[in-house]
file data.cif (mmCIF, C-alpha atoms)
data_target
loop_
_atom_site.label_atom_id
_atom_site.label_comp_id
_atom_site.auth_asym_id
_atom_site.auth_seq_id
_atom_site.Cartn_x
_atom_site.Cartn_y
_atom_site.Cartn_z
CA MET A 29 37.21 -5.37 14.03
CA LYS A 30 37.20 -3.92 17.54
CA LEU A 31 34.92 -1.08 18.68
CA THR A 32 37.86 1.30 18.87
CA GLU A 33 38.65 0.54 15.23
CA LEU A 34 35.03 1.17 14.28
CA MET A 35 35.13 4.55 16.01
CA SER A 36 38.29 5.37 14.08
CA HIS A 37 36.73 4.39 10.74
CA ILE A 38 33.60 6.44 11.46
CA SER A 39 35.68 9.44 12.46
CA GLU A 40 37.72 9.12 9.28
CA ASN A 41 34.62 8.91 7.08
CA THR A 42 32.67 11.69 8.79
CA LYS A 43 35.65 13.96 9.53
CA THR A 44 34.26 14.15 13.06
CA THR A 45 35.67 12.89 16.34
CA ILE A 46 33.42 10.06 17.53
CA ASN A 47 33.20 9.39 21.26
CA GLN A 48 31.73 6.45 23.17
CA SER A 49 28.39 8.18 23.77
CA MET A 50 27.91 8.80 20.06
CA LEU A 51 28.78 5.18 19.29
CA ALA A 52 26.30 3.99 21.93
CA ASP A 53 23.53 6.07 20.31
CA CYS A 54 24.46 4.64 16.93
CA LEU A 55 24.33 1.01 18.06
CA GLY A 56 21.34 1.40 20.35
CA ILE A 57 23.21 0.34 23.50
CA THR A 58 24.33 2.14 26.63
CA ARG A 59 27.60 4.01 26.99
CA GLN A 60 28.53 1.63 29.81
CA THR A 61 28.05 -1.32 27.46
CA VAL A 62 30.33 0.35 24.92
CA SER A 63 32.92 0.96 27.62
CA ASN A 64 32.76 -2.65 28.81
CA ARG A 65 33.02 -4.02 25.29
CA ILE A 66 36.05 -1.84 24.58
CA LYS A 67 37.72 -3.15 27.74
CA ASN A 68 36.91 -6.72 26.70
CA GLU A 69 38.11 -6.05 23.12
CA SER A 70 34.72 -7.12 21.83
CA GLU A 71 34.37 -7.66 18.08
CA VAL A 72 31.91 -5.66 16.01
CA THR A 73 29.24 -7.65 14.18
CA VAL A 74 28.31 -7.01 10.56
CA SER A 75 24.84 -5.86 11.65
CA GLU A 76 26.52 -3.23 13.84
CA LEU A 77 28.55 -2.05 10.87
CA LYS A 78 25.27 -1.65 8.97
CA LYS A 79 23.80 0.32 11.87
CA ALA A 80 26.81 2.64 11.77
CA GLU A 81 26.38 3.08 8.02
CA ASP A 82 22.71 4.01 8.39
CA PHE A 83 23.23 6.23 11.43
CA PHE A 84 26.12 8.26 10.03
CA HIS A 85 25.13 7.99 6.32
CA ILE A 86 28.49 6.53 5.34
CA GLU A 87 29.77 3.38 3.65
CA LEU A 88 31.90 0.96 5.63
CA LEU A 89 31.30 -2.54 4.30
CA SER A 90 32.22 -1.51 0.77
CA GLN A 91 35.65 -0.27 1.82
CA SER A 92 38.26 -2.75 0.61
CA ASN A 93 40.11 -3.00 3.90
CA LEU A 94 36.86 -3.89 5.68
CA ASN A 95 35.41 -6.05 2.92
CA ASP A 96 38.45 -8.34 3.05
CA ASP A 97 37.42 -9.24 6.59
CA ILE A 98 33.92 -10.39 5.57
CA VAL A 99 32.88 -13.94 4.66
CA TYR A 100 29.41 -15.14 3.71
CA ILE A 101 28.19 -18.22 5.60
CA ASN A 102 25.06 -20.31 5.09
CA TYR A 103 22.52 -19.38 7.76
CA TYR A 104 19.72 -21.87 8.40
CA LYS A 105 17.27 -19.61 10.17
CA ASP A 106 14.72 -22.39 10.62
CA VAL A 107 17.22 -24.88 12.05
CA PHE A 108 17.24 -24.92 15.82
CA ALA A 109 19.91 -27.08 17.43
CA SER A 110 18.63 -27.87 20.89
CA CYS A 111 20.51 -26.74 23.97
CA GLY A 112 17.94 -28.49 26.11
CA ASN A 113 16.34 -31.89 25.75
CA GLY A 114 17.32 -32.47 22.14
CA SER A 115 15.44 -31.44 19.03
CA ILE A 116 16.12 -29.91 15.66
CA VAL A 117 13.93 -28.69 12.82
CA PHE A 118 15.44 -29.04 9.38
CA SER A 119 14.68 -26.70 6.51
CA ASN A 120 16.09 -26.34 3.04
CA ASP A 121 15.71 -22.59 3.34
CA LYS A 122 18.99 -20.81 3.86
CA GLU A 123 20.56 -17.46 3.22
CA LYS A 124 24.07 -16.10 3.07
CA LEU A 125 24.95 -14.07 6.14
CA PRO A 126 27.98 -11.75 6.19
CA VAL A 127 30.27 -12.37 9.15
CA SER A 128 33.55 -10.78 10.15
CA VAL A 129 36.41 -13.29 9.93
CA SER A 130 37.82 -11.88 13.15
CA MET A 131 34.76 -13.20 15.01
CA ILE A 132 35.48 -16.83 14.00
CA HIS A 133 38.04 -18.49 16.24
CA GLY A 134 40.61 -20.37 14.16
CA TYR A 135 39.01 -19.38 10.86
CA SER A 136 40.31 -21.17 7.76
CA LYS A 137 39.24 -20.92 4.14
CA ASN A 138 39.63 -24.69 3.97
CA LYS A 139 36.93 -25.32 6.58
CA LEU A 140 33.15 -25.43 6.13
CA TYR A 141 30.97 -23.25 8.36
CA SER A 142 27.24 -22.85 8.94
CA ILE A 143 25.12 -20.70 11.22
CA ILE A 144 22.21 -22.11 13.22
CA ASN A 145 20.02 -20.90 16.07
CA ALA A 146 20.31 -22.18 19.62
CA SER A 147 17.18 -23.30 21.44
CA GLY A 148 16.96 -23.99 25.15
CA ASP A 149 18.86 -22.97 28.26
CA SER A 150 21.09 -25.91 29.16
CA MET A 151 24.23 -24.08 27.95
CA SER A 152 23.38 -20.81 29.70
CA PRO A 153 25.09 -18.45 30.35
CA THR A 154 27.60 -19.38 27.61
CA ILE A 155 24.87 -19.87 25.03
CA GLU A 156 21.41 -18.37 25.48
CA ASN A 157 18.16 -19.28 23.80
CA GLY A 158 18.05 -17.58 20.40
CA ASP A 159 21.80 -17.05 20.04
CA LYS A 160 23.21 -17.63 16.59
CA LEU A 161 25.91 -20.29 16.58
CA ILE A 162 28.71 -20.52 14.03
CA VAL A 163 29.46 -24.20 13.49
CA GLU A 164 32.80 -25.41 12.14
CA HIS A 165 31.83 -28.68 10.48
CA TRP A 166 33.60 -31.76 11.75
CA SER A 167 36.30 -33.14 9.45
CA GLY A 168 37.36 -36.25 11.36
CA ASP A 169 39.68 -34.59 13.87
CA GLN A 170 39.78 -35.59 17.53
CA ILE A 171 37.27 -34.24 20.03
CA GLN A 172 38.86 -31.35 21.88
CA ASP A 173 38.11 -31.70 25.57
CA ASN A 174 35.62 -29.25 27.02
CA LYS A 175 34.74 -27.63 23.68
CA ILE A 176 31.11 -27.17 22.65
CA TYR A 177 29.83 -29.36 19.81
CA VAL A 178 26.68 -29.92 17.81
CA PHE A 179 26.02 -33.64 17.56
CA CYS A 180 23.33 -36.18 16.87
CA TYR A 181 22.71 -39.01 19.32
CA ASN A 182 19.88 -41.52 19.02
CA ASN A 183 18.39 -39.39 16.24
CA GLU A 184 18.26 -36.28 18.43
CA PHE A 185 20.45 -33.20 18.10
CA PHE A 186 22.24 -31.46 20.94
CA VAL A 187 24.59 -28.57 21.65
CA LYS A 188 26.78 -29.64 24.57
CA ARG A 189 30.28 -29.51 25.96
CA LEU A 190 32.16 -32.78 25.28
CA SER A 191 35.18 -34.48 26.82
CA LYS A 192 36.56 -37.89 25.84
CA ASN A 193 37.82 -40.63 28.15
CA ILE A 194 39.19 -44.02 27.15
CA ASP A 195 35.82 -45.74 27.12
CA GLU A 196 33.26 -42.93 27.22
CA ILE A 197 32.36 -39.41 26.18
CA ILE A 198 31.30 -37.00 28.92
CA VAL A 199 28.40 -34.72 27.92
CA LYS A 200 28.16 -31.56 30.02
CA SER A 201 25.85 -28.57 30.21
CA ASP A 202 26.98 -25.17 31.45
CA ASN A 203 23.68 -24.68 33.24
CA PRO A 204 24.05 -26.39 36.66
CA ASP A 205 20.37 -27.35 36.57
CA TYR A 206 21.22 -30.01 33.98
CA ARG A 207 23.11 -33.11 35.01
CA THR A 208 26.23 -34.44 33.32
CA LYS A 209 25.71 -37.51 31.14
CA THR A 210 28.00 -40.07 29.51
CA ILE A 211 27.99 -42.02 26.27
CA ASN A 212 29.78 -45.35 26.64
CA LEU A 213 32.04 -47.03 24.13
CA LYS A 214 29.32 -49.41 22.92
CA SER A 215 27.19 -46.43 21.91
CA PHE A 216 29.91 -44.50 20.03
CA SER A 217 28.43 -45.57 16.71
CA ASP A 218 25.17 -43.84 17.63
CA LEU A 219 26.93 -40.47 18.03
CA ILE A 220 27.41 -38.33 14.94
CA LEU A 221 29.49 -35.19 15.35
CA ILE A 222 28.24 -32.38 13.15
CA GLY A 223 30.68 -29.71 14.19
CA LYS A 224 32.26 -27.54 16.84
CA ILE A 225 30.76 -24.24 17.98
CA VAL A 226 33.42 -21.63 17.26
CA THR A 227 31.37 -18.53 18.03
CA SER A 228 28.14 -17.66 19.81
CA ILE A 229 26.69 -14.43 18.43
CA LYS A 230 24.29 -12.44 20.56
CA GLN A 231 23.44 -9.80 17.94
CA ILE A 232 23.65 -10.26 14.23
CA GLY A 233 21.48 -9.20 11.37
#
call {"tool": "encode", "arguments": {"input": "data.cif", "output": "structure tokens"}}
result
Amino acid sequence: MKLTELMSHISENTKTTINQSMLADCLGITRQTVSNRIKNESEVTVSELKKAEDFFHIELLSQSNLNDDIVYINYYKDVFASCGNGSIVFSNDKEKLPVSVSMIHGYSKNKLYSIINASGDSMSPTIENGDKLIVEHWSGDQIQDNKIYVFCYNNEFFVKRLSKNIDEIIVKSDNPDYRTKTINLKSFSDLILIGKIVTSIKQIG
């Protein structure tokens, strides 16, 4: 759902015309941020829908046309996939987090998704420390050049941009302070792809 659609739903439920300033107050952001996000056709997060519900004392998530857009994904809040030098902390603790389908690029009911937290700055500004990452679990398909993946290499976990050549995989960071690395053909067996990052979420409940 786009911000303009959210404004329309709020207006419909409150019988009041909602402008950008009112939406900014509701979401706790500036009017300029609202304006920029509308121009960029930014998607609304589920946590922002909840903020709108609380602020305007209305129900949005329970509406059938909105509820159809929501899926619940396992969120491992204590799992941090490193975007730096490679580390991850596993935990059996997980919770179901509601996410708008429209936020997940190429969403399919036949695919498995999880949400983890990013740690480190090597993928900045694309991914920042603390961002929540929606991972589409790998199902044996080919590596898509220049997409961001979560993978394990030499028993360490990384979030990096991958490209594949004939005899090597190129491992790149978006932060220019980190150098590009390669994994040669002989080491392919040491690389385990966990999944592709399909969305980086800056704000979610």
call {"tool": "resolve_selection", "arguments": {"input": "data.cif", "expression": "the PyMOL selection byres ((chain A and resi 220-228) around 9)", "output": "JSON, numbers by chain"}}
result
{"A": [131, 132, 133, 134, 135, 141, 154, 155, 156, 159, 160, 161, 162, 163, 164, 165, 166, 167, 168, 171, 175, 176, 177, 178, 179, 180, 181, 187, 216, 217, 218, 219, 229, 230]}
call {"tool": "write_last_selection", "arguments": {"input": "data.cif", "atoms": "C-alpha atoms", "output": "PDB file, keeping the file's coordinate frame"}}
result
ATOM      1  CA  MET A 131      34.760 -13.200  15.010  1.00  0.00           C
ATOM      2  CA  ILE A 132      35.480 -16.830  14.000  1.00  0.00           C
ATOM      3  CA  HIS A 133      38.040 -18.490  16.240  1.00  0.00           C
ATOM      4  CA  GLY A 134      40.610 -20.370  14.160  1.00  0.00           C
ATOM      5  CA  TYR A 135      39.010 -19.380  10.860  1.00  0.00           C
ATOM      6  CA  TYR A 141      30.970 -23.250   8.360  1.00  0.00           C
ATOM      7  CA  THR A 154      27.600 -19.380  27.610  1.00  0.00           C
ATOM      8  CA  ILE A 155      24.870 -19.870  25.030  1.00  0.00           C
ATOM      9  CA  GLU A 156      21.410 -18.370  25.480  1.00  0.00           C
ATOM     10  CA  ASP A 159      21.800 -17.050  20.040  1.00  0.00           C
ATOM     11  CA  LYS A 160      23.210 -17.630  16.590  1.00  0.00           C
ATOM     12  CA  LEU A 161      25.910 -20.290  16.580  1.00  0.00           C
ATOM     13  CA  ILE A 162      28.710 -20.520  14.030  1.00  0.00           C
ATOM     14  CA  VAL A 163      29.460 -24.200  13.490  1.00  0.00           C
ATOM     15  CA  GLU A 164      32.800 -25.410  12.140  1.00  0.00           C
ATOM     16  CA  HIS A 165      31.830 -28.680  10.480  1.00  0.00           C
ATOM     17  CA  TRP A 166      33.600 -31.760  11.750  1.00  0.00           C
ATOM     18  CA  SER A 167      36.300 -33.140   9.450  1.00  0.00           C
ATOM     19  CA  GLY A 168      37.360 -36.250  11.360  1.00  0.00           C
ATOM     20  CA  ILE A 171      37.270 -34.240  20.030  1.00  0.00           C
ATOM     21  CA  LYS A 175      34.740 -27.630  23.680  1.00  0.00           C
ATOM     22  CA  ILE A 176      31.110 -27.170  22.650  1.00  0.00           C
ATOM     23  CA  TYR A 177      29.830 -29.360  19.810  1.00  0.00           C
ATOM     24  CA  VAL A 178      26.680 -29.920  17.810  1.00  0.00           C
ATOM     25  CA  PHE A 179      26.020 -33.640  17.560  1.00  0.00           C
ATOM     26  CA  CYS A 180      23.330 -36.180  16.870  1.00  0.00           C
ATOM     27  CA  TYR A 181      22.710 -39.010  19.320  1.00  0.00           C
ATOM     28  CA  VAL A 187      24.590 -28.570  21.650  1.00  0.00           C
ATOM     29  CA  PHE A 216      29.910 -44.500  20.030  1.00  0.00           C
ATOM     30  CA  SER A 217      28.430 -45.570  16.710  1.00  0.00           C
ATOM     31  CA  ASP A 218      25.170 -43.840  17.630  1.00  0.00           C
ATOM     32  CA  LEU A 219      26.930 -40.470  18.030  1.00  0.00           C
ATOM     33  CA  ILE A 229      26.690 -14.430  18.430  1.00  0.00           C
ATOM     34  CA  LYS A 230      24.290 -12.440  20.560  1.00  0.00           C
TER      35      LYS A 230
END
call {"tool": "resolve_selection", "arguments": {"input": "data.cif", "expression": "the PyMOL selection byres ((chain A and resi 72) around 9)", "output": "JSON list (two decimals) with C-alpha atoms, in the frame of the given file"}}
result
[["chain", "number", "residue", "atom", "x", "y", "z"],
["A", 29, "MET", "CA", 37.21, -5.37, 14.03],
["A", 30, "LYS", "CA", 37.20, -3.92, 17.54],
["A", 31, "LEU", "CA", 34.92, -1.08, 18.68],
["A", 34, "LEU", "CA", 35.03, 1.17, 14.28],
["A", 70, "SER", "CA", 34.72, -7.12, 21.83],
["A", 71, "GLU", "CA", 34.37, -7.66, 18.08],
["A", 73, "THR", "CA", 29.24, -7.65, 14.18],
["A", 74, "VAL", "CA", 28.31, -7.01, 10.56],
["A", 75, "SER", "CA", 24.84, -5.86, 11.65],
["A", 76, "GLU", "CA", 26.52, -3.23, 13.84],
["A", 77, "LEU", "CA", 28.55, -2.05, 10.87],
["A", 128, "SER", "CA", 33.55, -10.78, 10.15],
["A", 131, "MET", "CA", 34.76, -13.20, 15.01]]
call {"tool": "residues_around", "arguments": {"input": "data.cif", "residues": "segment 58-63 of chain A", "least_positions_apart": "3", "cutoff": "8 Å", "atoms": "all atoms listed in the file", "output": "PyMOL selection string"}}
result
chain A and resi 31+48-49+51-53+66-67
call {"tool": "residues_around", "arguments": {"input": "data.cif", "residues": "Lys105 of chain A", "least_positions_apart": "2", "cutoff": "7 Å", "atoms": "all atoms listed in the file", "output": "number ranges by chain"}}
result
A: 103, 107, 122, 144-145
call {"tool": "closest_residue", "arguments": {"input": "data.cif", "among": "A:Asp195, A:Met35, A:Ser147, A:Asp202", "to": "Asn174 of chain A", "atoms": "only C-alpha atoms"}}
result
A:Asp202
call {"tool": "closest_residue", "arguments": {"input": "data.cif", "among": "A:Glu184, A:Gly158, A:Met151, A:Gln170", "to": "Ser201 of chain A", "atoms": "all atoms listed in the file"}}
result
A:Met151
call {"tool": "residues_near_point", "arguments": {"input": "data.cif", "point": "(32.8, -10.6, 6.6)", "cutoff": "6 Å", "atoms": "only C-alpha atoms", "output": "list in words"}}
result
Asp97, Ile98, Val99, Pro126, Val127, Ser128 and Val129 of chain A
call {"tool": "atom_distance", "arguments": {"input": "data.cif", "atom1": "atom CA of Asn47 of chain A", "atom2": "atom CA of Ser130 of chain A"}}
result
23.2 Å
call {"tool": "closest_residue", "arguments": {"input": "data.cif", "among": "A:Asp106, A:Asp121, A:Glu40, A:Asp149", "to": "Glu87 of chain A", "atoms": "only C-alpha atoms"}}
result
A:Glu40
call {"tool": "residues_around", "arguments": {"input": "data.cif", "residues": "Lys192 of chain A", "least_positions_apart": "3", "cutoff": "7 Å", "atoms": "all atoms listed in the file", "output": "JSON, numbers by chain"}}
result
{"A": [171, 173, 196, 197, 198]}
call {"tool": "write_last_selection", "arguments": {"input": "data.cif", "atoms": "C-alpha atoms", "output": "compact mmCIF listing (two decimals), in the frame of the given file"}}
result
# COMPACT_ATOMS: atom_id res chain seq x y z
CA ILE A 171 37.27 -34.24 20.03
CA ASP A 173 38.11 -31.70 25.57
CA GLU A 196 33.26 -42.93 27.22
CA ILE A 197 32.36 -39.41 26.18
CA ILE A 198 31.30 -37.00 28.92
call {"tool": "atom_distance", "arguments": {"input": "data.cif", "atom1": "atom CA of Ile86 of chain A", "atom2": "atom CA of Gly56 of chain A"}}
result
17.4 Å
call {"tool": "atom_distance", "arguments": {"input": "data.cif", "atom1": "atom CA of Lys200 of chain A", "atom2": "atom CA of Asp169 of chain A"}}
result
20.1 Å
call {"tool": "closest_residue", "arguments": {"input": "data.cif", "among": "A:Lys43, A:Thr208, A:Thr32, A:Lys188", "to": "Asn68 of chain A", "atoms": "all atoms listed in the file"}}
result
A:Thr32
call {"tool": "resolve_selection", "arguments": {"input": "data.cif", "expression": "the PyMOL selection byres ((chain A and resi 42) around 12)", "output": "list of chain:residue names"}}
result
A:Met35, A:Ser36, A:His37, A:Ile38, A:Ser39, A:Glu40, A:Asn41, A:Lys43, A:Thr44, A:Thr45, A:Ile46, A:Ala80, A:Glu81, A:Phe83, A:Phe84, A:His85, A:Ile86, A:Glu87, A:Leu88
call {"tool": "closest_residue", "arguments": {"input": "data.cif", "among": "A:Lys78, A:Lys124, A:Arg189, A:Lys139", "to": "Thr210 of chain A", "atoms": "all atoms listed in the file"}}
result
A:Arg189
call {"tool": "closest_residue", "arguments": {"input": "data.cif", "among": "A:Phe185, A:Lys137, A:Tyr206, A:Val199", "to": "Ser150 of chain A", "atoms": "all atoms listed in the file"}}
result
A:Tyr206
call {"tool": "axis_aligned_box", "arguments": {"input": "data.cif", "around": "segment 121-124 of chain A", "padding_each_side": "8 Å", "output": "lines of an AutoDock Vina configuration file"}}
result
center_x = 19.9
center_y = -19.3
center_z = 3.5
size_x = 24.4
size_y = 22.5
size_z = 16.8
